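Enquirer: Pasting work_35.tsv below, which is TSV, C-alpha atoms.
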chain	number	residue	atom	x	y	z
A	1	MET	CA	23.43	12.37	-10.26
A	2	LEU	CA	20.56	10.00	-10.98
A	3	SER	CA	18.01	9.40	-8.26
A	4	THR	CA	17.49	5.92	-6.88
A	5	GLY	CA	14.16	4.40	-5.94
A	6	LEU	CA	13.25	3.66	-2.34
A	7	PHE	CA	10.50	1.07	-1.86
A	8	LEU	CA	8.47	1.01	1.31
A	9	LEU	CA	6.20	-1.84	2.31
A	10	LEU	CA	3.98	-2.43	5.28
A	11	PHE	CA	2.27	-5.73	5.98
A	12	GLY	CA	-0.31	-5.96	8.71
A	13	SER	CA	-2.51	-8.81	9.80
A	14	CYS	CA	-5.30	-8.85	12.31
A	15	PHE	CA	-7.04	-12.09	13.42
A	16	CYS	CA	-9.18	-10.18	14.75
A	17	ALA	CA	-2.76	9.68	26.74
A	18	THR	CA	-0.14	11.66	25.86
A	19	ASP	CA	-0.40	14.63	23.49
A	20	PHE	CA	1.66	12.67	20.99
A	21	ALA	CA	-1.03	9.97	20.94
A	22	GLU	CA	-3.31	12.43	19.13
A	23	ARG	CA	-1.03	12.25	16.11
A	24	PRO	CA	-1.53	8.70	14.80
A	25	ARG	CA	-5.18	8.92	15.86
A	26	ASN	CA	-5.93	11.92	13.62
A	27	PHE	CA	-3.76	10.52	10.86
A	28	SER	CA	-5.75	7.28	11.03
A	29	ILE	CA	-9.10	8.93	10.33
A	30	GLU	CA	-7.85	10.89	7.33
A	31	LEU	CA	-5.87	7.99	5.87
A	32	LEU	CA	-8.84	5.62	5.90
A	33	HIS	CA	-10.93	8.27	4.15
A	34	HIS	CA	-8.45	8.60	1.28
A	35	THR	CA	-7.57	4.91	1.06
A	36	GLN	CA	-11.15	3.68	0.81
A	37	ALA	CA	-11.52	5.84	-2.31
A	38	GLU	CA	-8.78	3.73	-3.92
A	39	THR	CA	-10.40	0.42	-2.97
A	40	GLY	CA	-14.06	0.97	-3.74
A	41	GLY	CA	-14.93	1.52	-0.09
A	42	HIS	CA	-14.32	-2.09	1.07
A	43	VAL	CA	-11.01	-2.01	2.90
A	44	VAL	CA	-8.83	-2.82	5.88
A	45	ILE	CA	-5.69	-0.90	6.80
A	46	SER	CA	-3.36	-0.71	9.79
A	47	PRO	CA	-3.07	3.03	10.50
A	48	PHE	CA	-0.69	2.52	13.41
A	49	GLY	CA	1.56	0.30	11.31
A	50	ILE	CA	1.54	2.79	8.43
A	51	TRP	CA	2.21	5.66	10.82
A	52	THR	CA	5.11	3.66	12.28
A	53	LEU	CA	6.56	3.16	8.80
A	54	MET	CA	6.14	6.83	7.87
A	55	THR	CA	7.81	7.87	11.12
A	56	GLY	CA	10.84	5.76	10.22
A	57	LEU	CA	10.88	7.42	6.80
A	58	ALA	CA	10.69	10.85	8.40
A	59	LEU	CA	13.84	10.10	10.41
A	60	GLY	CA	15.79	10.24	7.14
A	61	ALA	CA	13.93	13.05	5.40
A	62	THR	CA	15.17	16.63	5.25
A	63	GLY	CA	13.98	20.00	4.02
A	64	ASN	CA	10.50	20.24	2.54
A	65	SER	CA	10.28	16.44	2.28
A	66	TYR	CA	10.33	16.27	6.07
A	67	ARG	CA	7.97	19.22	6.44
A	68	GLU	CA	5.36	17.56	4.22
A	69	LEU	CA	5.62	14.32	6.19
A	70	ALA	CA	5.45	16.18	9.49
A	71	ARG	CA	2.27	17.99	8.46
A	72	ALA	CA	0.57	14.86	7.11
A	73	ILE	CA	1.34	12.46	9.93
A	74	LEU	CA	1.48	15.20	12.58
A	75	LEU	CA	5.05	14.85	13.78
A	76	PRO	CA	7.05	17.16	16.06
A	77	LYS	CA	9.46	19.49	14.30
A	78	ASN	CA	12.36	18.41	16.51
A	79	THR	CA	13.89	15.00	15.70
A	80	ASN	CA	14.83	14.33	19.32
A	81	SER	CA	11.25	15.01	20.38
A	82	LEU	CA	10.05	12.72	17.60
A	83	ILE	CA	12.22	9.81	18.75
A	84	SER	CA	11.33	10.20	22.42
A	85	ALA	CA	7.59	10.53	21.79
A	86	TYR	CA	7.62	7.67	19.28
A	87	LYS	CA	9.22	5.35	21.84
A	88	ASN	CA	6.78	6.36	24.57
A	89	LEU	CA	3.70	5.86	22.43
A	90	THR	CA	4.75	2.54	20.90
A	91	THR	CA	5.58	1.25	24.36
A	92	GLN	CA	2.07	2.11	25.56
A	93	VAL	CA	0.35	0.65	22.50
A	94	LEU	CA	2.42	-2.53	22.36
A	95	GLU	CA	2.81	-3.12	26.10
A	96	PRO	CA	2.11	-6.83	26.64
A	97	PRO	CA	-1.47	-7.18	27.86
A	98	SER	CA	-2.16	-9.07	31.04
A	99	SER	CA	-4.74	-11.08	29.12
A	100	SER	CA	-3.42	-14.15	27.31
A	101	GLU	CA	-6.30	-13.81	24.84
A	102	VAL	CA	-4.55	-10.93	23.06
A	103	SER	CA	-1.20	-10.83	21.30
A	104	LEU	CA	0.37	-8.26	19.01
A	105	THR	CA	3.76	-7.49	17.53
A	106	SER	CA	5.19	-4.61	15.52
A	107	THR	CA	8.56	-5.20	13.88
A	108	ASN	CA	10.59	-2.87	11.66
A	109	PHE	CA	13.01	-4.06	8.98
A	110	LEU	CA	15.49	-2.33	6.71
A	111	PHE	CA	16.72	-4.24	3.65
A	112	LEU	CA	19.70	-2.75	1.80
A	113	ASP	CA	21.08	-3.56	-1.62
A	114	SER	CA	24.65	-4.79	-1.29
A	115	ASP	CA	26.15	-1.83	-3.18
A	116	PHE	CA	23.98	0.86	-1.59
A	117	GLN	CA	25.65	2.99	1.07
A	118	VAL	CA	23.63	4.30	4.02
A	119	LYS	CA	25.02	6.95	6.37
A	120	PRO	CA	26.13	5.36	9.65
A	121	ALA	CA	24.18	7.88	11.75
A	122	PHE	CA	20.88	7.01	10.03
A	123	GLN	CA	21.55	3.29	10.32
A	124	SER	CA	22.30	3.75	14.01
A	125	VAL	CA	19.08	5.70	14.62
A	126	LEU	CA	17.00	3.04	12.87
A	127	GLN	CA	18.59	0.25	14.88
A	128	LYS	CA	18.80	1.91	18.29
A	129	ASP	CA	15.79	4.22	18.38
A	130	TYR	CA	13.45	2.77	15.76
A	131	GLY	CA	14.23	-0.84	16.59
A	132	ALA	CA	14.79	-1.92	13.00
A	133	SER	CA	16.48	-5.17	12.05
A	134	ILE	CA	18.83	-4.55	9.12
A	135	LYS	CA	19.72	-7.04	6.39
A	136	VAL	CA	21.99	-6.56	3.37
A	137	LEU	CA	20.93	-8.46	0.25
A	138	ASN	CA	21.79	-8.61	-3.41
A	139	PHE	CA	18.60	-7.10	-4.85
A	140	SER	CA	19.43	-8.36	-8.34
A	141	ASP	CA	19.40	-11.94	-7.08
A	142	PRO	CA	16.04	-13.64	-7.87
A	143	ASN	CA	16.22	-15.21	-4.39
A	144	SER	CA	16.30	-11.84	-2.61
A	145	ALA	CA	12.57	-11.93	-1.82
A	146	LYS	CA	12.89	-15.48	-0.47
A	147	ASP	CA	15.85	-14.43	1.69
A	148	ALA	CA	14.00	-11.38	3.00
A	149	ASN	CA	10.91	-13.43	3.81
A	150	SER	CA	13.06	-15.96	5.64
A	151	PHE	CA	14.68	-13.16	7.64
A	152	ILE	CA	11.25	-11.83	8.66
A	153	GLU	CA	9.89	-15.28	9.52
A	154	LYS	CA	12.82	-15.89	11.88
A	155	SER	CA	11.89	-12.75	13.83
A	156	LYS	CA	8.92	-12.47	16.17
A	157	ALA	CA	6.71	-11.17	13.36
A	158	ASN	CA	5.04	-14.57	12.76
A	159	ILE	CA	4.09	-13.53	9.22
A	160	SER	CA	5.21	-15.24	6.04
A	161	ASN	CA	5.44	-14.37	2.34
A	162	VAL	CA	5.64	-10.62	2.80
A	163	PHE	CA	7.68	-9.98	-0.37
A	164	ARG	CA	7.52	-10.95	-4.02
A	165	SER	CA	10.58	-10.97	-6.28
A	166	GLU	CA	9.34	-7.90	-8.19
A	167	ASP	CA	9.38	-5.87	-4.99
A	168	PHE	CA	13.16	-5.75	-5.22
A	169	GLN	CA	13.39	-4.75	-8.86
A	170	GLN	CA	14.78	-1.24	-9.39
A	171	SER	CA	14.94	-0.66	-5.62
A	172	ARG	CA	17.97	0.02	-3.48
A	173	MET	CA	16.48	0.12	-0.02
A	174	ILE	CA	13.26	-1.30	1.46
A	175	LEU	CA	11.91	-0.11	4.79
A	176	THR	CA	9.20	-2.41	6.15
A	177	ASN	CA	6.90	-2.56	9.14
A	178	VAL	CA	5.19	-5.86	9.93
A	179	PHE	CA	2.30	-5.64	12.35
A	180	ALA	CA	0.21	-8.53	13.65
A	181	PHE	CA	-2.72	-8.59	16.06
A	182	LYS	CA	-4.77	-11.46	17.40
A	183	GLY	CA	-7.55	-11.02	19.89
A	184	LEU	CA	-10.26	-13.23	21.37
A	185	TRP	CA	-13.54	-11.59	22.34
A	186	SER	CA	-14.31	-11.15	26.03
A	187	LEU	CA	-17.80	-12.33	25.10
A	188	PRO	CA	-17.49	-14.73	22.15
A	189	PHE	CA	-20.33	-15.40	19.74
A	190	ASN	CA	-21.98	-18.81	19.75
A	191	LYS	CA	-21.35	-20.49	16.39
A	192	THR	CA	-24.72	-22.25	16.55
A	193	ASP	CA	-26.41	-18.82	16.38
A	194	THR	CA	-24.62	-17.86	13.14
A	195	GLN	CA	-26.82	-18.07	10.07
A	196	VAL	CA	-26.92	-16.79	6.51
A	197	GLU	CA	-28.76	-13.48	6.20
A	198	PRO	CA	-29.09	-10.81	3.49
A	199	PHE	CA	-26.82	-7.77	3.35
A	200	TYR	CA	-28.08	-4.47	1.93
A	201	ASN	CA	-26.40	-1.55	0.19
A	202	GLU	CA	-27.04	2.07	1.14
A	203	ASP	CA	-30.13	2.16	-1.10
A	204	LYS	CA	-31.67	-0.70	0.92
A	205	VAL	CA	-31.21	-3.16	-1.92
A	206	VAL	CA	-30.03	-6.70	-1.15
A	207	ILE	CA	-26.57	-7.14	-2.70
A	208	GLY	CA	-25.55	-10.48	-1.22
A	209	ASN	CA	-25.57	-12.75	1.79
A	210	VAL	CA	-23.33	-13.04	4.85
A	211	ASN	CA	-22.81	-15.46	7.70
A	212	MET	CA	-24.34	-13.26	10.39
A	213	MET	CA	-23.05	-13.79	13.92
A	214	PHE	CA	-25.42	-13.05	16.79
A	215	GLN	CA	-25.19	-12.46	20.49
A	216	LYS	CA	-27.22	-10.77	23.21
A	217	GLY	CA	-24.85	-9.44	25.81
A	218	LYS	CA	-24.04	-6.61	28.19
A	219	LEU	CA	-21.95	-4.40	25.92
A	220	PRO	CA	-21.07	-0.69	25.70
A	221	PHE	CA	-23.59	0.88	23.30
A	222	ALA	CA	-24.40	4.44	22.26
A	223	ASN	CA	-26.78	6.26	19.97
A	224	MET	CA	-24.47	9.05	18.67
A	225	LYS	CA	-26.97	11.54	17.29
A	226	ASN	CA	-24.31	14.13	16.45
A	227	PHE	CA	-22.50	11.39	14.53
A	228	ALA	CA	-25.64	10.02	12.82
A	229	ALA	CA	-24.66	6.51	13.87
A	230	TYR	CA	-24.94	3.78	16.46
A	231	VAL	CA	-21.81	2.45	18.13
A	232	VAL	CA	-21.11	-0.80	19.93
A	233	GLU	CA	-17.81	-1.82	21.54
A	234	LEU	CA	-16.64	-5.43	21.66
A	235	PRO	CA	-13.75	-5.84	24.11
A	236	TYR	CA	-10.93	-8.34	23.77
A	237	GLY	CA	-9.59	-10.46	26.61
A	238	SER	CA	-10.22	-9.66	30.25
A	239	ASP	CA	-8.27	-6.46	30.91
A	240	GLY	CA	-10.04	-4.00	28.59
A	241	LYS	CA	-6.85	-2.73	26.98
A	242	TYR	CA	-7.96	-3.50	23.41
A	243	SER	CA	-11.39	-3.43	21.82
A	244	MET	CA	-13.16	-3.18	18.49
A	245	LEU	CA	-15.60	-0.39	17.70
A	246	PHE	CA	-18.35	-1.00	15.17
A	247	ILE	CA	-19.96	2.17	13.82
A	248	LEU	CA	-23.26	1.72	11.98
A	249	PRO	CA	-24.80	4.74	10.22
A	250	TYR	CA	-28.46	5.52	10.66
A	251	ALA	CA	-30.62	3.73	8.09
A	252	ASN	CA	-30.99	6.83	5.90
A	253	VAL	CA	-27.35	7.96	6.17
A	254	LYS	CA	-24.61	6.93	3.75
A	255	ILE	CA	-21.34	5.82	5.29
A	256	ALA	CA	-19.41	8.60	3.51
A	257	ASP	CA	-21.71	11.22	5.04
A	258	MET	CA	-21.38	9.64	8.48
A	259	TYR	CA	-17.61	9.55	8.13
A	260	ARG	CA	-17.51	13.30	7.51
A	261	ASN	CA	-18.78	13.75	11.06
A	262	PHE	CA	-15.30	12.82	12.28
A	263	ALA	CA	-14.60	16.50	11.64
A	264	LYS	CA	-16.62	17.27	14.78
A	265	VAL	CA	-16.73	13.96	16.68
A	266	THR	CA	-13.50	12.22	17.67
A	267	LEU	CA	-12.89	8.61	18.64
A	268	LYS	CA	-12.21	9.88	22.13
A	269	ASP	CA	-15.67	11.47	22.15
A	270	ILE	CA	-17.16	8.10	21.20
A	271	PHE	CA	-15.39	6.30	24.05
A	272	ASN	CA	-16.44	9.06	26.46
A	273	LYS	CA	-20.06	8.67	25.36
A	274	LEU	CA	-19.90	4.88	25.81
A	275	LYS	CA	-18.43	5.35	29.29
A	276	ALA	CA	-21.00	7.99	30.24
A	277	ASN	CA	-23.83	5.68	29.20
A	278	GLU	CA	-22.30	2.86	31.24
A	279	ASN	CA	-21.91	5.08	34.31
A	280	THR	CA	-25.48	6.35	34.02
A	281	TYR	CA	-27.39	3.25	33.00
A	282	GLY	CA	-24.97	0.38	33.52
A	283	LEU	CA	-24.32	-2.20	30.82
A	284	ASN	CA	-27.63	-3.36	29.45
A	285	ASP	CA	-28.24	-6.22	27.05
A	286	VAL	CA	-27.69	-5.37	23.39
A	287	ASP	CA	-28.79	-7.55	20.47
A	288	VAL	CA	-25.75	-7.58	18.19
A	289	LYS	CA	-25.52	-8.97	14.67
A	290	ILE	CA	-22.18	-8.67	12.83
A	291	PRO	CA	-21.08	-10.51	9.68
A	292	ARG	CA	-18.30	-13.03	10.00
A	293	PHE	CA	-15.80	-11.60	7.57
A	294	GLN	CA	-12.32	-11.57	6.16
A	295	ILE	CA	-10.91	-8.63	4.18
A	296	SER	CA	-7.53	-8.39	2.48
A	297	THR	CA	-6.13	-5.16	1.07
A	298	ASN	CA	-3.10	-4.59	-1.13
A	299	VAL	CA	-2.93	-0.92	-2.00
A	300	VAL	CA	-0.29	1.58	-3.11
A	301	LEU	CA	-0.53	4.53	-0.73
A	302	ASN	CA	1.16	7.09	-2.99
A	303	LYS	CA	-2.11	8.71	-4.10
A	304	PRO	CA	-3.80	8.75	-0.66
A	305	LEU	CA	-0.66	10.35	0.77
A	306	ASN	CA	-0.57	12.82	-2.14
A	307	ASN	CA	-4.09	13.82	-1.11
A	308	MET	CA	-2.78	14.38	2.40
A	309	GLY	CA	-0.07	16.72	1.15
A	310	VAL	CA	2.86	14.30	0.82
A	311	ASN	CA	4.29	14.83	-2.66
A	312	GLU	CA	8.01	15.57	-2.78
A	313	ILE	CA	9.24	12.23	-1.43
A	314	PHE	CA	7.83	10.55	-4.57
A	315	GLN	CA	9.54	12.92	-7.02
A	316	PRO	CA	13.13	12.07	-8.13
A	317	ASP	CA	14.08	15.71	-8.67
A	318	LEU	CA	12.63	17.01	-5.37
A	319	ALA	CA	12.89	14.25	-2.74
A	320	SER	CA	15.38	15.05	0.01
A	321	PHE	CA	16.77	12.23	2.15
A	322	GLN	CA	20.15	13.69	3.03
A	323	LYS	CA	20.18	11.93	6.40
A	324	VAL	CA	19.91	8.55	4.69
A	325	THR	CA	22.63	8.52	2.05
A	326	TRP	CA	25.01	10.57	-0.06
A	327	GLN	CA	23.07	9.52	-3.15
A	328	ASN	CA	19.89	11.09	-4.49
A	329	ILE	CA	16.97	8.81	-3.63
A	330	PHE	CA	13.20	9.05	-3.75
A	331	VAL	CA	10.29	6.86	-2.69
A	332	SER	CA	9.05	4.83	-5.64
A	333	ALA	CA	6.12	3.27	-3.81
A	334	ILE	CA	4.60	2.84	-0.38
A	335	VAL	CA	2.71	-0.44	-0.49
A	336	HIS	CA	0.35	-1.53	2.24
A	337	LYS	CA	-0.84	-5.11	2.62
A	338	ALA	CA	-3.31	-5.92	5.37
A	339	ASN	CA	-5.88	-8.50	6.25
A	340	ILE	CA	-8.43	-8.92	8.98
A	341	ASP	CA	-10.33	-12.00	10.06
A	342	VAL	CA	-13.36	-11.54	12.30
A	343	THR	CA	-15.05	-14.69	13.60
A	344	GLU	CA	-17.17	-15.88	16.51
A	345	SER	CA	-14.12	-16.31	18.74
A	346	GLY	CA	-12.44	-12.99	17.98
A	347	THR	CA	-10.35	-10.99	15.57
A	348	ILE	CA	-7.17	-12.07	13.90
A	349	ALA	CA	-5.89	-6.65	13.32
A	350	SER	CA	-24.37	13.59	23.81
A	351	ALA	CA	-27.92	12.70	23.70
A	352	VAL	CA	-30.64	14.19	25.80
A	353	SER	CA	-30.98	12.20	29.00
A	354	SER	CA	-34.64	11.50	28.64
A	355	ALA	CA	-34.29	10.41	25.02
A	356	THR	CA	-31.35	8.15	25.79
A	357	PHE	CA	-33.19	6.71	28.76
A	358	SER	CA	-36.16	5.86	26.57
A	359	ASP	CA	-33.80	4.08	24.19
A	360	ARG	CA	-32.68	1.92	27.11
A	361	ILE	CA	-36.08	0.63	28.22
A	362	SER	CA	-35.86	-2.29	25.82
A	363	SER	CA	-32.77	-4.04	24.54
A	364	PRO	CA	-31.32	-1.97	21.68
A	365	SER	CA	-30.58	-3.72	18.41
A	366	PHE	CA	-27.32	-3.30	16.52
A	367	TYR	CA	-27.63	-5.13	13.20
A	368	CYS	CA	-24.73	-4.67	10.78
A	369	ASN	CA	-26.68	-5.75	7.70
A	370	ARG	CA	-25.57	-2.70	5.70
A	371	PRO	CA	-22.20	-0.91	5.21
A	372	PHE	CA	-20.38	-0.12	8.46
A	373	ALA	CA	-17.00	1.08	9.74
A	374	TYR	CA	-14.81	-0.65	12.30
A	375	PHE	CA	-11.78	0.24	14.42
A	376	VAL	CA	-9.51	-2.04	16.45
A	377	MET	CA	-8.28	0.19	19.26
A	378	GLU	CA	-5.73	0.40	22.04
A	379	LYS	CA	-7.89	2.20	24.57
A	380	SER	CA	-5.46	3.92	26.94
A	381	THR	CA	-4.09	6.03	24.07
A	382	THR	CA	-7.16	5.76	21.78
A	383	THR	CA	-4.79	4.56	19.07
A	384	VAL	CA	-6.23	2.94	15.93
A	385	ILE	CA	-4.46	-0.36	15.28
A	386	PHE	CA	-6.65	-1.53	12.42
A	387	SER	CA	-9.56	0.18	10.70
A	388	GLY	CA	-11.77	-0.37	7.73
A	389	ILE	CA	-15.12	-0.32	6.01
A	390	TYR	CA	-17.26	-3.35	5.22
A	391	SER	CA	-19.52	-2.86	2.21
A	392	GLN	CA	-19.13	-5.90	-0.09
A	393	PRO	CA	-20.78	-9.00	1.41
A	394	THR	CA	-19.47	-12.53	1.08
A	395	VAL	CA	-20.47	-15.73	2.88
A	396	TYR	CA	-17.35	-16.39	4.94
Rewrite the structure from the file as structure tokens, please.

Expert:
Amino acid sequence: MLSTGLFLLLFGSCFCATDFAERPRNFSIELLHHTQAETGGHVVISPFGIWTLMTGLALGATGNSYRELARAILLPKNTNSLISAYKNLTTQVLEPPSSSEVSLTSTNFLFLDSDFQVKPAFQSVLQKDYGASIKVLNFSDPNSAKDANSFIEKSKANISNVFRSEDFQQSRMILTNVFAFKGLWSLPFNKTDTQVEPFYNEDKVVIGNVNMMFQKGKLPFANMKNFAAYVVELPYGSDGKYSMLFILPYANVKIADMYRNFAKVTLKDIFNKLKANENTYGLNDVDVKIPRFQISTNVVLNKPLNNMGVNEIFQPDLASFQKVTWQNIFVSAIVHKANIDVTESGTIASAVSSATFSDRISSPSFYCNRPFAYFVMEKSTTTVIFSGIYSQPTVY
């Protein structure tokens, strides 16, 4: 029997404590590492959205296809445990914040070709436990993309033009996660302080200009010597549930070398260090300069996932999705589209005590005028909602 292609797409936009919570967090760090290699190092992705999509895929995988997914995205071996933990974590991450300055939605969709049969049990799990909205379309109809986009726009996703007509060619089933985040800074930047400044590469050579935002404010700040980087946290809204971490390597450290330190320093360690500094010294003024920027990414995740040990699901003769259908299917492509917009108003996605104290005598400076990493976080679970690397300057 011939195998049929399965097309997966995730679209994320950002205007921008359980054991199970470790899973998407670790997956996020590794995925950004492999994805930036496909995009020249200038990238935005939604790790939580991708992890959500891959979890839905895992619900239909069997045999070694499931085992590879489970190892890569760190899933429980038991399906019941997976469903229960997935629900608990997504509830925590997506719980409506008390602050009106933050909004986010995560919506799952399953589009089926009109002559493609899905097992009732899998369809039921996706609807009941995964929360997917299901739509049957004629994939050979040139209007299928338009119909799918209309279906998504009528949901709470608030995102348009997710699909193109070619996305439905030679596909039988499309599983999609649409994730949107919008957050206003607790301490917004003053637009009158924004000015054009040079941006440098890792060899200290000017490679372009940026609209550099500036503020001096009481913000969580840390000199992470074991990470070879400085970190500043910009909170959203008034309740502290979501924030954005900016990680700036030391002047003589390349961002790839800094990123390798995630092998020994976790995001939780960074938040603990920020909190320890706050408890010890209070929140002191920090001079912060960050480019106003917008990044869009459209990347096929097949190769990054291959590098993470996910191979069989992409191979027609090996993929096993016996929970999904009676037919032989495989994943033809996992496509990720994301964008992030960081402006003055917000985002649309341990040191020795004496040394640290000496750093705090004067206001520390945090100037992102060279390549840096960033993470939009849900703090109670330390879950990465959006992440990326900024290395190619533009005046935005």

Enquirer: Take atom CA of Ser365 of chain A and atom CA of Phe214 of chain A and report the distance between them in Å, one decimal.

Expert: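 Straight-line distance from atom CA of Ser365 of chain A to atom CA of Phe214 of chain A works out to 10.8 Å.
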
Enquirer: Tell me, in Å to one decimal, how far atom CA of Asp115 of chain A is from atom CA of Ala148 of chain A.

Expert: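 Separation of atom CA of Asp115 of chain A and atom CA of Ala148 of chain A: 16.6 Å.
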
Enquirer: Counting only C-alpha atoms, find residues at most 12 Å from (-10.6, 16.1, 15.5) (file frame) and give them as a ChimeraX atom specification.

Expert: /A:22-30,260-270

Enquirer: Could you jot down the atom CA of Phe271 of chain A to atom CA of Tyr390 of chain A separation for me, Å, one decimal place?

Expert: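 Separation between atom CA of Phe271 of chain A and atom CA of Tyr390 of chain A: 21.2 Å.
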
Enquirer: Kindly provide, as a PyMOL selection string, the polymer residues lying within 12 Å of (-7.1, -4.4, 22.4), counting only C-alpha atoms and using the coordinates exactly as they appear in the file.

Expert: chain A and resi 14-16+92-104+181-186+233-245+346-349+375-386

Enquirer: Which residue, A:Leu74, A:Leu283, A:Val335, A:Val162, has the smallest gap to Pro364 of chain A when you use all atoms listed in the file?

Expert: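 Closest candidate: A:Leu283.
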
Enquirer: Considering all atoms listed in the file, state which residue in the set A:Ala256, A:Val196, A:Ile174, A:Val125 is at the smallest distance from Leu112 of chain A.

Expert: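 With all atoms listed in the file as the atom set, the closest residue is A:Ile174.
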
Enquirer: So which residues touch Glu312 of chain A within 8 Å, counting only C-alpha atoms, skipping near sequence neighbours fewer than 5 positions away, as a list in words?

Expert: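 Skipping anything fewer than 5 positions along the chain leaves Asn64, Ser65, Glu68, Leu318, Ala319 and Ser320 of chain A.
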
Enquirer: List as a count of residues only the protein and nucleic acid residues near Trp326 of chain A, meaning an atom at most 9 Å away when all atoms listed in the file are counted, but skip any in the same chain fewer than 5 places from it.

Expert: 4

Enquirer: Counting all atoms listed in the file, which of A:Ser84, A:Asn302, A:Thr176, A:Ser165 gets nearest to Ile134 of chain A?

Expert: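 The closest residue to Ile134 of chain A is A:Thr176.
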
Enquirer: Taking all atoms listed in the file into account, which of A:Ile334, A:Asn279, A:Pro120, A:Ala85 comes nearest Phe314 of chain A?

Expert: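 Using all atoms listed in the file, the shortest distance to Phe314 of chain A belongs to A:Ile334.
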
Enquirer: Find the residue from A:Gln169, A:Ser160, A:Thr107, A:Asn369 that sits nearest to Thr394 of chain A; use all atoms listed in the file when measuring.

Expert: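 The answer is A:Asn369, which sits nearest to Thr394 of chain A.
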
Enquirer: Just want the 10 Å neighbourhood of segment 32-43 of chain A, counted on all atoms listed in the file, with same-chain residues fewer than 2 positions away dropped. Output as JSON, numbers by chain.

Expert: {"A": [27, 28, 29, 30, 45, 46, 47, 255, 256, 259, 260, 295, 296, 297, 298, 299, 300, 301, 302, 303, 304, 305, 306, 307, 308, 338, 339, 340, 371, 372, 373, 386, 387, 388, 389, 390, 391, 392, 393]}

Enquirer: With a distance cut-off of 10 Å and all atoms listed in the file, select the neighbouring residues of Asp203 of chain A, excluding the residue or stretch itself and same-chain residues fewer than 3 positions from it, and output the selection as a list in words.

Expert: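 Residues meeting the cut-off are Tyr200, Val206, Ala251, Asn252, Val253, Lys254 and Arg370 of chain A.
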
Enquirer: Which residue, A:Ala58, A:Ala145, A:Val395, A:Ala180, has the smallest gap to Glu166 of chain A when you use only C-alpha atoms?

Expert: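 Closest to Glu166 of chain A, using only C-alpha atoms: A:Ala145.
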
Enquirer: Give, as JSON, the centre coordinates and the x, y and z edge lengths in Å to one decimal for an axis-aligned box around all listed atoms of segment 26-37 of chain A, padded by 6 Å on each side.

Expert:
{"center_x": -7.6, "center_y": 7.8, "center_z": 5.7, "size_x": 19.8, "size_y": 20.2, "size_z": 27.9}
